[in-house]
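Structure, as structure tokens:
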Amino acid sequence: MSIDFKGRVAIVTGAGGGLGREHALALAKRGARVVVNDLGGARDGSGGSSAAALAVVEEIRQAGGEAIANGASVTDFAAVQAMVNQAMETWGRVDILVNNAGILRDKSFAKMEIDDFKLVMDVHLMGAVNCCKAVWPIMTAQGYGRVVMTTSSSGLYGNFGQSNYGAAKMALVGLMQTLSIEGAKYNIRVNSLAPTAATRMTESLFPETMLKALQASDVVPAMLVLAAEDAPTRTILCAGAGSFEAAHITLTQGIWVGRGDDAPELLAERLAEVRNRDGETVPESGTAQGHTELTKAMAHQ
């Protein structure tokens, strides 16, 4: 089965370099017309230049593809709407959104300024919200959409010095969970990608030998699968160095301890049972928790 994107229009944010550039090039190579979005700022989000996005557009065009550059900041909803309008005026549709734009402002939580926490949340989380909101009416009207969030193991599992980044990246998974439910009847599939790759955002996190093994292009197959016509939905794919895994938000079977005055003590004594993963499930929606709890409660009436 060949995955192709002929006739599709894709927007890739943060596509001037690193993962975003690889995503844009791969989508174009397989037939998509691509909006290459990049503010052109530094790793910490400061500054801006259109040079990087224009260079990627030129690469795509030299290879026989179609692409346009856009320098909108994903934190500016009006600018994001203008970017989406640009795609519609140029090609008449938007089929794929890859939310890849991001910045880093790493410090331990004790030393982190609150403004650095807010800015990272704004770029990663609200940037994705802005882009999703701008394309959502188009995707619902045409009955087709594929959205890829870029999450991270730092959000899924934590990482020292990245409380802001981790919080934003886990929030994107929550956004994915609900948008996938709301978009299902419109054939909008929403997934998340957790990459491990050598980019300017990760160059200080790994030794040189490891960076050479973590090529950004190795992550692209996962993105293509999540953006394809036959894509899954509500899937978290992890990718790096040629390997692929899936992450899940699960719910254990748990126990019922009731409402007695000794409920806290009973819970503390039996916490290992609560955390026991035998028979855990991947809930289809947030109502599963309440259903599970009510079922146990009713059984003890």
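Every chain in the structure tokens has a letter given in the order shown (A, B, ...), and although residue numbers restart at 1 in each chain, ligands are simply numbered from 1 in the order shown.
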Write out as JSON lines a residue-level contact list of stretch 55-172 of chain A versus stretch 224-247 of chain A with cut-off 10 Å: for each qualifying residue the closest pair of atoms and the distance in Å to one decimal, counting only C-alpha atoms, rows sorted by chain and residue number upward.
{"residue": "A:Asp95", "atom": "CA", "partner": "A:Ala227", "partner_atom": "CA", "distance": 9.0}
{"residue": "A:Ile96", "atom": "CA", "partner": "A:Ala227", "partner_atom": "CA", "distance": 6.5}
{"residue": "A:Leu97", "atom": "CA", "partner": "A:Ala227", "partner_atom": "CA", "distance": 8.2}
{"residue": "A:Val98", "atom": "CA", "partner": "A:Ala227", "partner_atom": "CA", "distance": 8.1}
{"residue": "A:Tyr144", "atom": "CA", "partner": "A:Glu229", "partner_atom": "CA", "distance": 8.9}
{"residue": "A:Gly145", "atom": "CA", "partner": "A:Ala227", "partner_atom": "CA", "distance": 8.7}
{"residue": "A:Arg146", "atom": "CA", "partner": "A:Ala227", "partner_atom": "CA", "distance": 5.3}
{"residue": "A:Val147", "atom": "CA", "partner": "A:Ala227", "partner_atom": "CA", "distance": 6.7}
{"residue": "A:Val148", "atom": "CA", "partner": "A:Leu226", "partner_atom": "CA", "distance": 6.7}
{"residue": "A:Met149", "atom": "CA", "partner": "A:Ile236", "partner_atom": "CA", "distance": 9.2}
{"residue": "A:Thr150", "atom": "CA", "partner": "A:Ile236", "partner_atom": "CA", "distance": 9.5}
{"residue": "A:Thr151", "atom": "CA", "partner": "A:Ile236", "partner_atom": "CA", "distance": 8.4}
{"residue": "A:Ser152", "atom": "CA", "partner": "A:Cys238", "partner_atom": "CA", "distance": 8.2}
{"residue": "A:Ser153", "atom": "CA", "partner": "A:Cys238", "partner_atom": "CA", "distance": 8.2}
{"residue": "A:Leu156", "atom": "CA", "partner": "A:Ala247", "partner_atom": "CA", "distance": 8.2}
Point to revise | Residues within 8 Å of A:Asp38, only C-alpha atoms, excluding chain neighbours under 5 positions, as a ChimeraX atom specification | key: /A:13-16,50,52-53,69-73,101
Please identify every residue of stretch 249-289 of chain A that has at least one atom no farther than 10 Å from an atom of stretch 173-190 of chain A, counting only C-alpha atoms, and for each give the shortest atom pair and the distance in Å to one decimal, arranged by chain then increasing number, as a tab-separated table.
residue	atom	partner	partner_atom	distance
A:Ile249	CA	A:Val173	CA	9.4
A:Glu284	CA	A:Ile181	CA	8.8
A:Ser285	CA	A:Gln177	CA	7.8
A:Gly286	CA	A:Thr178	CA	9.1
Save out the residues we just selected, C-alpha atoms, as a PDB file, in the first residue's frame.
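Result file is out01.pdb:
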ATOM      1  CA  ILE A 249      -3.372   6.855  28.629  1.00  0.00           C
ATOM      2  CA  GLU A 284     -12.830   5.664  24.636  1.00  0.00           C
ATOM      3  CA  SER A 285     -13.696   8.918  26.416  1.00  0.00           C
ATOM      4  CA  GLY A 286     -13.482  10.615  29.802  1.00  0.00           C
TER       5      GLY A 286
END
**Study point:** Option closest in space to A:Ala194, from A:Met112, A:Leu211, A:Ala79, A:Leu172 [counting only C-alpha atoms]
**Key:** A:Leu172
With the cut-off set at 12 Å and counting only C-alpha atoms, tabulate each residue of stretch 60-131 of chain A with an atom at most that distance from an atom of stretch 8-12 of chain A, showing the nearest atom pair and its distance in Å to one decimal, ordered by chain and increasing number, as a Markdown table.
| residue | atom | partner | partner_atom | distance |
| --- | --- | --- | --- | --- |
| A:Gly65 | CA | A:Val9 | CA | 11.8 |
| A:Glu66 | CA | A:Val9 | CA | 9.7 |
| A:Ala67 | CA | A:Ala10 | CA | 9.4 |
| A:Ile68 | CA | A:Ile11 | CA | 9.8 |
| A:Ala69 | CA | A:Ile11 | CA | 10.0 |
| A:Asn70 | CA | A:Ile11 | CA | 9.7 |
| A:Gly71 | CA | A:Val12 | CA | 11.5 |
| A:Ala72 | CA | A:Val12 | CA | 11.6 |
| A:Val74 | CA | A:Val12 | CA | 11.0 |
| A:Val80 | CA | A:Ile11 | CA | 10.7 |
| A:Met83 | CA | A:Ile11 | CA | 9.0 |
| A:Val84 | CA | A:Ile11 | CA | 8.2 |
| A:Asn85 | CA | A:Ile11 | CA | 11.5 |
| A:Gln86 | CA | A:Ile11 | CA | 10.7 |
| A:Ala87 | CA | A:Val9 | CA | 7.9 |
| A:Met88 | CA | A:Val9 | CA | 9.2 |
| A:Glu89 | CA | A:Val9 | CA | 11.8 |
| A:Thr90 | CA | A:Val9 | CA | 10.0 |
| A:Trp91 | CA | A:Val9 | CA | 7.3 |
| A:Gly92 | CA | A:Val9 | CA | 8.7 |
| A:Arg93 | CA | A:Val9 | CA | 6.4 |
| A:Val94 | CA | A:Val9 | CA | 5.0 |
| A:Asp95 | CA | A:Val9 | CA | 5.2 |
| A:Ile96 | CA | A:Ala10 | CA | 4.4 |
| A:Leu97 | CA | A:Ile11 | CA | 4.9 |
| A:Val98 | CA | A:Val12 | CA | 4.8 |
| A:Asn99 | CA | A:Val12 | CA | 6.4 |
| A:Asn100 | CA | A:Val12 | CA | 6.7 |
| A:Ala101 | CA | A:Val12 | CA | 8.2 |
| A:Gly102 | CA | A:Val12 | CA | 11.9 |
| A:Ala128 | CA | A:Val12 | CA | 11.0 |
| A:Cys131 | CA | A:Ile11 | CA | 9.2 |
Residues just named, written with N, CA, C and O atoms as a compact mmCIF listing (two decimals), in the first residue's frame:
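Written file, again.txt:
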# COMPACT_ATOMS: atom_id res chain seq x y z
N GLY A 65 7.59 20.10 -6.78
CA GLY A 65 6.39 20.21 -5.97
C GLY A 65 5.84 21.62 -5.93
O GLY A 65 6.38 22.55 -6.52
N GLU A 66 4.73 21.77 -5.19
CA GLU A 66 4.09 23.08 -5.01
C GLU A 66 4.12 23.46 -3.54
O GLU A 66 3.76 22.65 -2.68
N ALA A 67 4.51 24.69 -3.27
CA ALA A 67 4.57 25.16 -1.89
C ALA A 67 4.55 26.69 -1.84
O ALA A 67 4.94 27.35 -2.80
N ILE A 68 4.06 27.21 -0.74
CA ILE A 68 4.11 28.64 -0.48
C ILE A 68 4.63 28.84 0.93
O ILE A 68 4.47 27.98 1.80
N ALA A 69 5.27 29.97 1.16
CA ALA A 69 5.83 30.28 2.48
C ALA A 69 4.89 31.18 3.25
O ALA A 69 4.15 31.99 2.68
N ASN A 70 4.93 31.03 4.57
CA ASN A 70 4.14 31.90 5.44
C ASN A 70 4.91 32.11 6.74
O ASN A 70 5.43 31.17 7.31
N GLY A 71 4.96 33.36 7.18
CA GLY A 71 5.74 33.70 8.36
C GLY A 71 4.92 33.99 9.60
O GLY A 71 5.42 34.62 10.54
N ALA A 72 3.68 33.55 9.65
CA ALA A 72 2.81 33.85 10.80
C ALA A 72 3.36 33.22 12.09
O ALA A 72 3.87 32.11 12.09
N VAL A 74 2.36 31.37 15.32
CA VAL A 74 1.20 30.57 15.68
C VAL A 74 0.50 31.12 16.92
O VAL A 74 -0.65 30.74 17.21
N VAL A 80 -2.71 33.54 11.96
CA VAL A 80 -2.96 32.14 11.60
C VAL A 80 -4.17 32.05 10.67
O VAL A 80 -4.14 31.31 9.68
N MET A 83 -3.10 32.99 7.32
CA MET A 83 -2.34 31.90 6.69
C MET A 83 -3.28 30.87 6.08
O MET A 83 -3.07 30.41 4.95
N VAL A 84 -4.30 30.49 6.83
CA VAL A 84 -5.27 29.53 6.33
C VAL A 84 -6.02 30.10 5.12
O VAL A 84 -6.26 29.40 4.13
N ASN A 85 -6.36 31.39 5.18
CA ASN A 85 -7.00 32.05 4.04
C ASN A 85 -6.09 32.04 2.82
O ASN A 85 -6.56 31.88 1.68
N GLN A 86 -4.79 32.21 3.05
CA GLN A 86 -3.82 32.16 1.96
C GLN A 86 -3.84 30.80 1.28
O GLN A 86 -3.81 30.69 0.04
N ALA A 87 -3.91 29.74 2.09
CA ALA A 87 -3.98 28.39 1.52
C ALA A 87 -5.26 28.20 0.73
O ALA A 87 -5.25 27.62 -0.37
N MET A 88 -6.38 28.69 1.26
CA MET A 88 -7.66 28.54 0.59
C MET A 88 -7.69 29.32 -0.72
O MET A 88 -8.20 28.84 -1.74
N GLU A 89 -7.14 30.52 -0.71
CA GLU A 89 -7.12 31.34 -1.93
C GLU A 89 -6.21 30.73 -2.99
O GLU A 89 -6.46 30.85 -4.19
N THR A 90 -5.16 30.07 -2.54
CA THR A 90 -4.20 29.48 -3.48
C THR A 90 -4.67 28.14 -4.02
O THR A 90 -4.59 27.87 -5.23
N TRP A 91 -5.20 27.29 -3.14
CA TRP A 91 -5.51 25.91 -3.54
C TRP A 91 -6.95 25.47 -3.24
O TRP A 91 -7.35 24.38 -3.64
N GLY A 92 -7.71 26.27 -2.50
CA GLY A 92 -9.12 25.98 -2.30
C GLY A 92 -9.50 24.97 -1.25
O GLY A 92 -10.67 24.65 -1.09
N ARG A 93 -8.53 24.47 -0.48
CA ARG A 93 -8.84 23.50 0.58
C ARG A 93 -7.66 23.39 1.54
O ARG A 93 -6.54 23.81 1.23
N VAL A 94 -7.92 22.81 2.70
CA VAL A 94 -6.86 22.45 3.65
C VAL A 94 -7.23 21.07 4.19
O VAL A 94 -8.28 20.91 4.81
N ASP A 95 -6.37 20.09 3.94
CA ASP A 95 -6.65 18.71 4.34
C ASP A 95 -5.86 18.25 5.55
O ASP A 95 -6.32 17.40 6.31
N ILE A 96 -4.66 18.80 5.70
CA ILE A 96 -3.73 18.30 6.71
C ILE A 96 -3.14 19.46 7.47
O ILE A 96 -2.73 20.47 6.88
N LEU A 97 -3.10 19.33 8.79
CA LEU A 97 -2.41 20.30 9.64
C LEU A 97 -1.42 19.55 10.51
O LEU A 97 -1.81 18.65 11.26
N VAL A 98 -0.16 19.91 10.40
CA VAL A 98 0.87 19.34 11.26
C VAL A 98 1.34 20.44 12.20
O VAL A 98 2.03 21.38 11.80
N ASN A 99 0.92 20.34 13.46
CA ASN A 99 1.30 21.34 14.47
C ASN A 99 2.68 20.98 15.01
O ASN A 99 2.83 20.15 15.91
N ASN A 100 3.69 21.62 14.44
CA ASN A 100 5.07 21.29 14.76
C ASN A 100 5.83 22.44 15.42
O ASN A 100 6.84 22.22 16.06
N ALA A 101 5.34 23.67 15.28
CA ALA A 101 6.07 24.83 15.79
C ALA A 101 6.28 24.74 17.30
O ALA A 101 5.39 24.33 18.04
N GLY A 102 7.47 25.12 17.72
CA GLY A 102 7.73 25.09 19.16
C GLY A 102 9.02 25.82 19.51
O GLY A 102 9.84 26.12 18.65
N ALA A 128 -1.10 25.50 18.69
CA ALA A 128 -1.86 24.40 18.08
C ALA A 128 -3.36 24.68 18.12
O ALA A 128 -4.08 24.38 17.16
N CYS A 131 -4.21 27.15 15.34
CA CYS A 131 -4.19 26.53 14.01
C CYS A 131 -5.38 25.59 13.83
O CYS A 131 -6.02 25.59 12.76
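The gap separating atom CA of A:Phe77 from atom CA of A:Leu119 is 15.0 Å, in Å to one decimal.
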Check your understanding: So which bits of stretch 43-138 of chain A end up helix (DSSP H, G or I) when you DSSP the backbone, as number ranges by chain?
Key -> A: 51-62, 77-91, 114-138
Exercise for review: Please identify all polymer residues within 8 Å of stretch 255-257 of chain A, counting only C-alpha atoms, omitting same-chain residues fewer than 3 positions from it, and present them as a list in words.
Suggested key: Gly260, Ala263, Leu266, Leu267, Glu273, Val274, Glu293, Lys296 and Ala297 of chain A
Keeping only N, CA, C and O atoms, write the selected residues to a file as a JSON list (two decimals), in the first residue's frame.
[["chain", "number", "residue", "atom", "x", "y", "z"],
["A", 260, "GLY", "N", -16.53, 5.42, 54.28],
["A", 260, "GLY", "CA", -16.29, 5.41, 55.72],
["A", 260, "GLY", "C", -15.22, 6.40, 56.15],
["A", 260, "GLY", "O", -14.42, 6.88, 55.34],
["A", 263, "ALA", "N", -11.78, 5.63, 55.03],
["A", 263, "ALA", "CA", -11.50, 5.50, 53.59],
["A", 263, "ALA", "C", -10.07, 5.92, 53.24],
["A", 263, "ALA", "O", -9.41, 5.23, 52.45],
["A", 266, "LEU", "N", -7.78, 3.09, 54.35],
["A", 266, "LEU", "CA", -7.98, 1.91, 53.50],
["A", 266, "LEU", "C", -7.33, 2.10, 52.13],
["A", 266, "LEU", "O", -6.70, 1.18, 51.59],
["A", 267, "LEU", "N", -7.50, 3.29, 51.59],
["A", 267, "LEU", "CA", -6.89, 3.58, 50.29],
["A", 267, "LEU", "C", -5.37, 3.50, 50.37],
["A", 267, "LEU", "O", -4.72, 2.92, 49.48],
["A", 273, "GLU", "N", -3.05, -2.15, 45.02],
["A", 273, "GLU", "CA", -4.14, -2.74, 44.25],
["A", 273, "GLU", "C", -4.72, -1.74, 43.26],
["A", 273, "GLU", "O", -5.05, -2.09, 42.12],
["A", 274, "VAL", "N", -4.85, -0.50, 43.71],
["A", 274, "VAL", "CA", -5.37, 0.55, 42.83],
["A", 274, "VAL", "C", -4.47, 0.73, 41.62],
["A", 274, "VAL", "O", -4.93, 0.92, 40.49],
["A", 293, "GLU", "N", -16.34, 3.82, 38.12],
["A", 293, "GLU", "CA", -16.55, 4.08, 39.55],
["A", 293, "GLU", "C", -18.00, 3.80, 39.97],
["A", 293, "GLU", "O", -18.25, 3.23, 41.03],
["A", 296, "LYS", "N", -18.69, -0.03, 40.23],
["A", 296, "LYS", "CA", -18.20, -0.62, 41.48],
["A", 296, "LYS", "C", -19.07, -0.20, 42.66],
["A", 296, "LYS", "O", -19.38, -1.01, 43.54],
["A", 297, "ALA", "N", -19.48, 1.07, 42.67],
["A", 297, "ALA", "CA", -20.31, 1.56, 43.78],
["A", 297, "ALA", "C", -21.65, 0.85, 43.83],
["A", 297, "ALA", "O", -22.12, 0.44, 44.91]]
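All residues of protein, DNA or RNA that reach within 10 Å of A:Asn130, judged by only C-alpha atoms and not counting those fewer than 3 positions away in the chain, are A:Val74, A:Thr75, A:Asp76, A:Phe77, A:Ala78, A:Ala79, A:Val80, A:Gln81, A:Asp122, A:Val123, A:Leu125, A:Met126, A:Gly127, A:Lys133, A:Ala134, A:Val135, A:Trp136.
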Residues of the last selection are to be written out with N, CA, C and O atoms, as a short mmCIF file (atom, residue, chain, number, x, y, z; two decimals), in the first residue's frame.
data_model
loop_
_atom_site.label_atom_id
_atom_site.label_comp_id
_atom_site.auth_asym_id
_atom_site.auth_seq_id
_atom_site.Cartn_x
_atom_site.Cartn_y
_atom_site.Cartn_z
N VAL A 74 2.36 31.37 15.32
CA VAL A 74 1.20 30.57 15.68
C VAL A 74 0.50 31.12 16.92
O VAL A 74 -0.65 30.74 17.21
N THR A 75 1.16 32.02 17.64
CA THR A 75 0.53 32.62 18.82
C THR A 75 -0.43 33.75 18.45
O THR A 75 -1.17 34.23 19.30
N ASP A 76 -0.43 34.16 17.20
CA ASP A 76 -1.27 35.26 16.71
C ASP A 76 -2.42 34.68 15.90
O ASP A 76 -2.25 34.30 14.75
N PHE A 77 -3.62 34.63 16.51
CA PHE A 77 -4.74 33.95 15.84
C PHE A 77 -5.12 34.64 14.53
O PHE A 77 -5.44 33.97 13.54
N ALA A 78 -5.07 35.97 14.49
CA ALA A 78 -5.41 36.68 13.26
C ALA A 78 -4.43 36.33 12.15
O ALA A 78 -4.81 36.13 10.99
N ALA A 79 -3.15 36.22 12.50
CA ALA A 79 -2.13 35.86 11.51
C ALA A 79 -2.32 34.42 11.04
O ALA A 79 -2.13 34.09 9.87
N VAL A 80 -2.71 33.54 11.96
CA VAL A 80 -2.96 32.14 11.60
C VAL A 80 -4.17 32.05 10.67
O VAL A 80 -4.14 31.31 9.68
N GLN A 81 -5.21 32.81 10.97
CA GLN A 81 -6.38 32.82 10.08
C GLN A 81 -6.00 33.32 8.69
O GLN A 81 -6.46 32.78 7.68
N ASP A 122 2.16 29.09 25.46
CA ASP A 122 1.48 29.85 24.41
C ASP A 122 1.86 29.34 23.02
O ASP A 122 1.00 29.16 22.15
N VAL A 123 3.15 29.10 22.80
CA VAL A 123 3.60 28.64 21.48
C VAL A 123 3.13 27.22 21.20
O VAL A 123 2.54 26.95 20.14
N LEU A 125 0.95 25.00 23.04
CA LEU A 125 -0.46 24.67 23.22
C LEU A 125 -1.37 25.62 22.47
O LEU A 125 -2.14 25.20 21.59
N MET A 126 -1.31 26.91 22.77
CA MET A 126 -2.20 27.86 22.12
C MET A 126 -1.88 28.00 20.63
O MET A 126 -2.78 28.26 19.83
N GLY A 127 -0.62 27.78 20.26
CA GLY A 127 -0.29 27.78 18.84
C GLY A 127 -1.05 26.69 18.10
O GLY A 127 -1.61 26.91 17.02
N LYS A 133 -8.27 25.74 15.35
CA LYS A 133 -9.49 26.54 15.28
C LYS A 133 -9.65 27.15 13.89
O LYS A 133 -10.78 27.23 13.36
N ALA A 134 -8.57 27.58 13.28
CA ALA A 134 -8.64 28.21 11.96
C ALA A 134 -8.99 27.24 10.85
O ALA A 134 -9.67 27.60 9.90
N VAL A 135 -8.53 25.98 10.98
CA VAL A 135 -8.82 25.00 9.91
C VAL A 135 -10.09 24.20 10.17
O VAL A 135 -10.63 23.57 9.25
N TRP A 136 -10.57 24.19 11.39
CA TRP A 136 -11.68 23.32 11.77
C TRP A 136 -12.93 23.54 10.91
O TRP A 136 -13.52 22.56 10.42
#
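Separating atom CA of A:Val36 from atom CA of A:Gly17 is a distance of 10.2 Å.
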Exercise for review: Could you tell me, as number ranges by chain, which residues of stretch 2-66 of chain A DSSP assigns to strand (DSSP E) when given the backbone?
Suggested key: A: 9-12, 33-37
Output file for the selection above: N, CA, C and O atoms, as an mmCIF file, in the first residue's frame:
data_model
loop_
_atom_site.group_PDB
_atom_site.id
_atom_site.type_symbol
_atom_site.label_atom_id
_atom_site.label_comp_id
_atom_site.auth_asym_id
_atom_site.auth_seq_id
_atom_site.Cartn_x
_atom_site.Cartn_y
_atom_site.Cartn_z
ATOM 1 N N VAL A 9 -3.867 19.335 0.485
ATOM 2 C CA VAL A 9 -3.162 20.554 0.879
ATOM 3 C C VAL A 9 -2.800 20.437 2.352
ATOM 4 O O VAL A 9 -3.656 20.125 3.193
ATOM 5 N N ALA A 10 -1.538 20.670 2.661
ATOM 6 C CA ALA A 10 -1.047 20.530 4.030
ATOM 7 C C ALA A 10 -0.452 21.834 4.534
ATOM 8 O O ALA A 10 0.206 22.558 3.785
ATOM 9 N N ILE A 11 -0.683 22.114 5.804
ATOM 10 C CA ILE A 11 -0.012 23.207 6.497
ATOM 11 C C ILE A 11 0.916 22.583 7.527
ATOM 12 O O ILE A 11 0.476 21.763 8.339
ATOM 13 N N VAL A 12 2.180 22.938 7.483
ATOM 14 C CA VAL A 12 3.152 22.466 8.463
ATOM 15 C C VAL A 12 3.729 23.684 9.167
ATOM 16 O O VAL A 12 4.348 24.541 8.527
ATOM 17 N N ARG A 33 0.395 19.686 -1.710
ATOM 18 C CA ARG A 33 0.769 21.089 -1.834
ATOM 19 C C ARG A 33 0.892 21.631 -0.418
ATOM 20 O O ARG A 33 -0.005 21.413 0.403
ATOM 21 N N VAL A 34 1.983 22.315 -0.134
ATOM 22 C CA VAL A 34 2.354 22.575 1.257
ATOM 23 C C VAL A 34 2.500 24.065 1.557
ATOM 24 O O VAL A 34 3.162 24.797 0.817
ATOM 25 N N VAL A 35 1.868 24.472 2.658
ATOM 26 C CA VAL A 35 2.138 25.786 3.239
ATOM 27 C C VAL A 35 3.271 25.590 4.234
ATOM 28 O O VAL A 35 3.113 24.878 5.236
ATOM 29 N N VAL A 36 4.415 26.188 3.949
ATOM 30 C CA VAL A 36 5.582 26.086 4.818
ATOM 31 C C VAL A 36 5.547 27.281 5.764
ATOM 32 O O VAL A 36 5.895 28.398 5.401
ATOM 33 N N ASN A 37 5.106 27.033 6.982
ATOM 34 C CA ASN A 37 4.995 28.117 7.963
ATOM 35 C C ASN A 37 6.208 28.125 8.879
ATOM 36 O O ASN A 37 6.599 27.078 9.410
#
Review point. Skipping near chain neighbours, those fewer than 2 positions away, what residues fall within 8 Å of A:Phe109 using only C-alpha atoms, listed as a VMD selection string?
Key: chain A and resid 107 111 to 112 161 to 163
Take the residues just selected and output them with N, CA, C and O atoms as a short mmCIF file (atom, residue, chain, number, x, y, z; two decimals), in the first residue's frame.
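Wrote it out as result-v3.cif, contents follow:
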data_model
loop_
_atom_site.label_atom_id
_atom_site.label_comp_id
_atom_site.auth_asym_id
_atom_site.auth_seq_id
_atom_site.Cartn_x
_atom_site.Cartn_y
_atom_site.Cartn_z
N LYS A 107 14.69 25.37 32.15
CA LYS A 107 15.31 25.66 33.45
C LYS A 107 14.57 24.82 34.47
O LYS A 107 13.42 24.42 34.24
N LYS A 111 13.99 27.80 39.24
CA LYS A 111 14.70 28.93 38.63
C LYS A 111 13.95 29.55 37.44
O LYS A 111 14.37 30.58 36.92
N MET A 112 12.87 28.93 37.02
CA MET A 112 12.16 29.39 35.82
C MET A 112 11.31 30.62 36.12
O MET A 112 10.57 30.66 37.10
N GLY A 161 13.97 19.91 34.15
CA GLY A 161 14.21 21.20 33.53
C GLY A 161 13.22 21.59 32.45
O GLY A 161 13.39 22.61 31.79
N GLN A 162 12.18 20.78 32.26
CA GLN A 162 11.23 21.06 31.19
C GLN A 162 9.78 21.06 31.69
O GLN A 162 8.88 20.53 31.03
N SER A 163 9.54 21.67 32.82
CA SER A 163 8.17 21.70 33.36
C SER A 163 7.23 22.45 32.42
O SER A 163 6.09 22.03 32.21
#
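For the pair atom CA of A:Leu251 and atom CA of A:Ala171, the separation is 18.1 Å.
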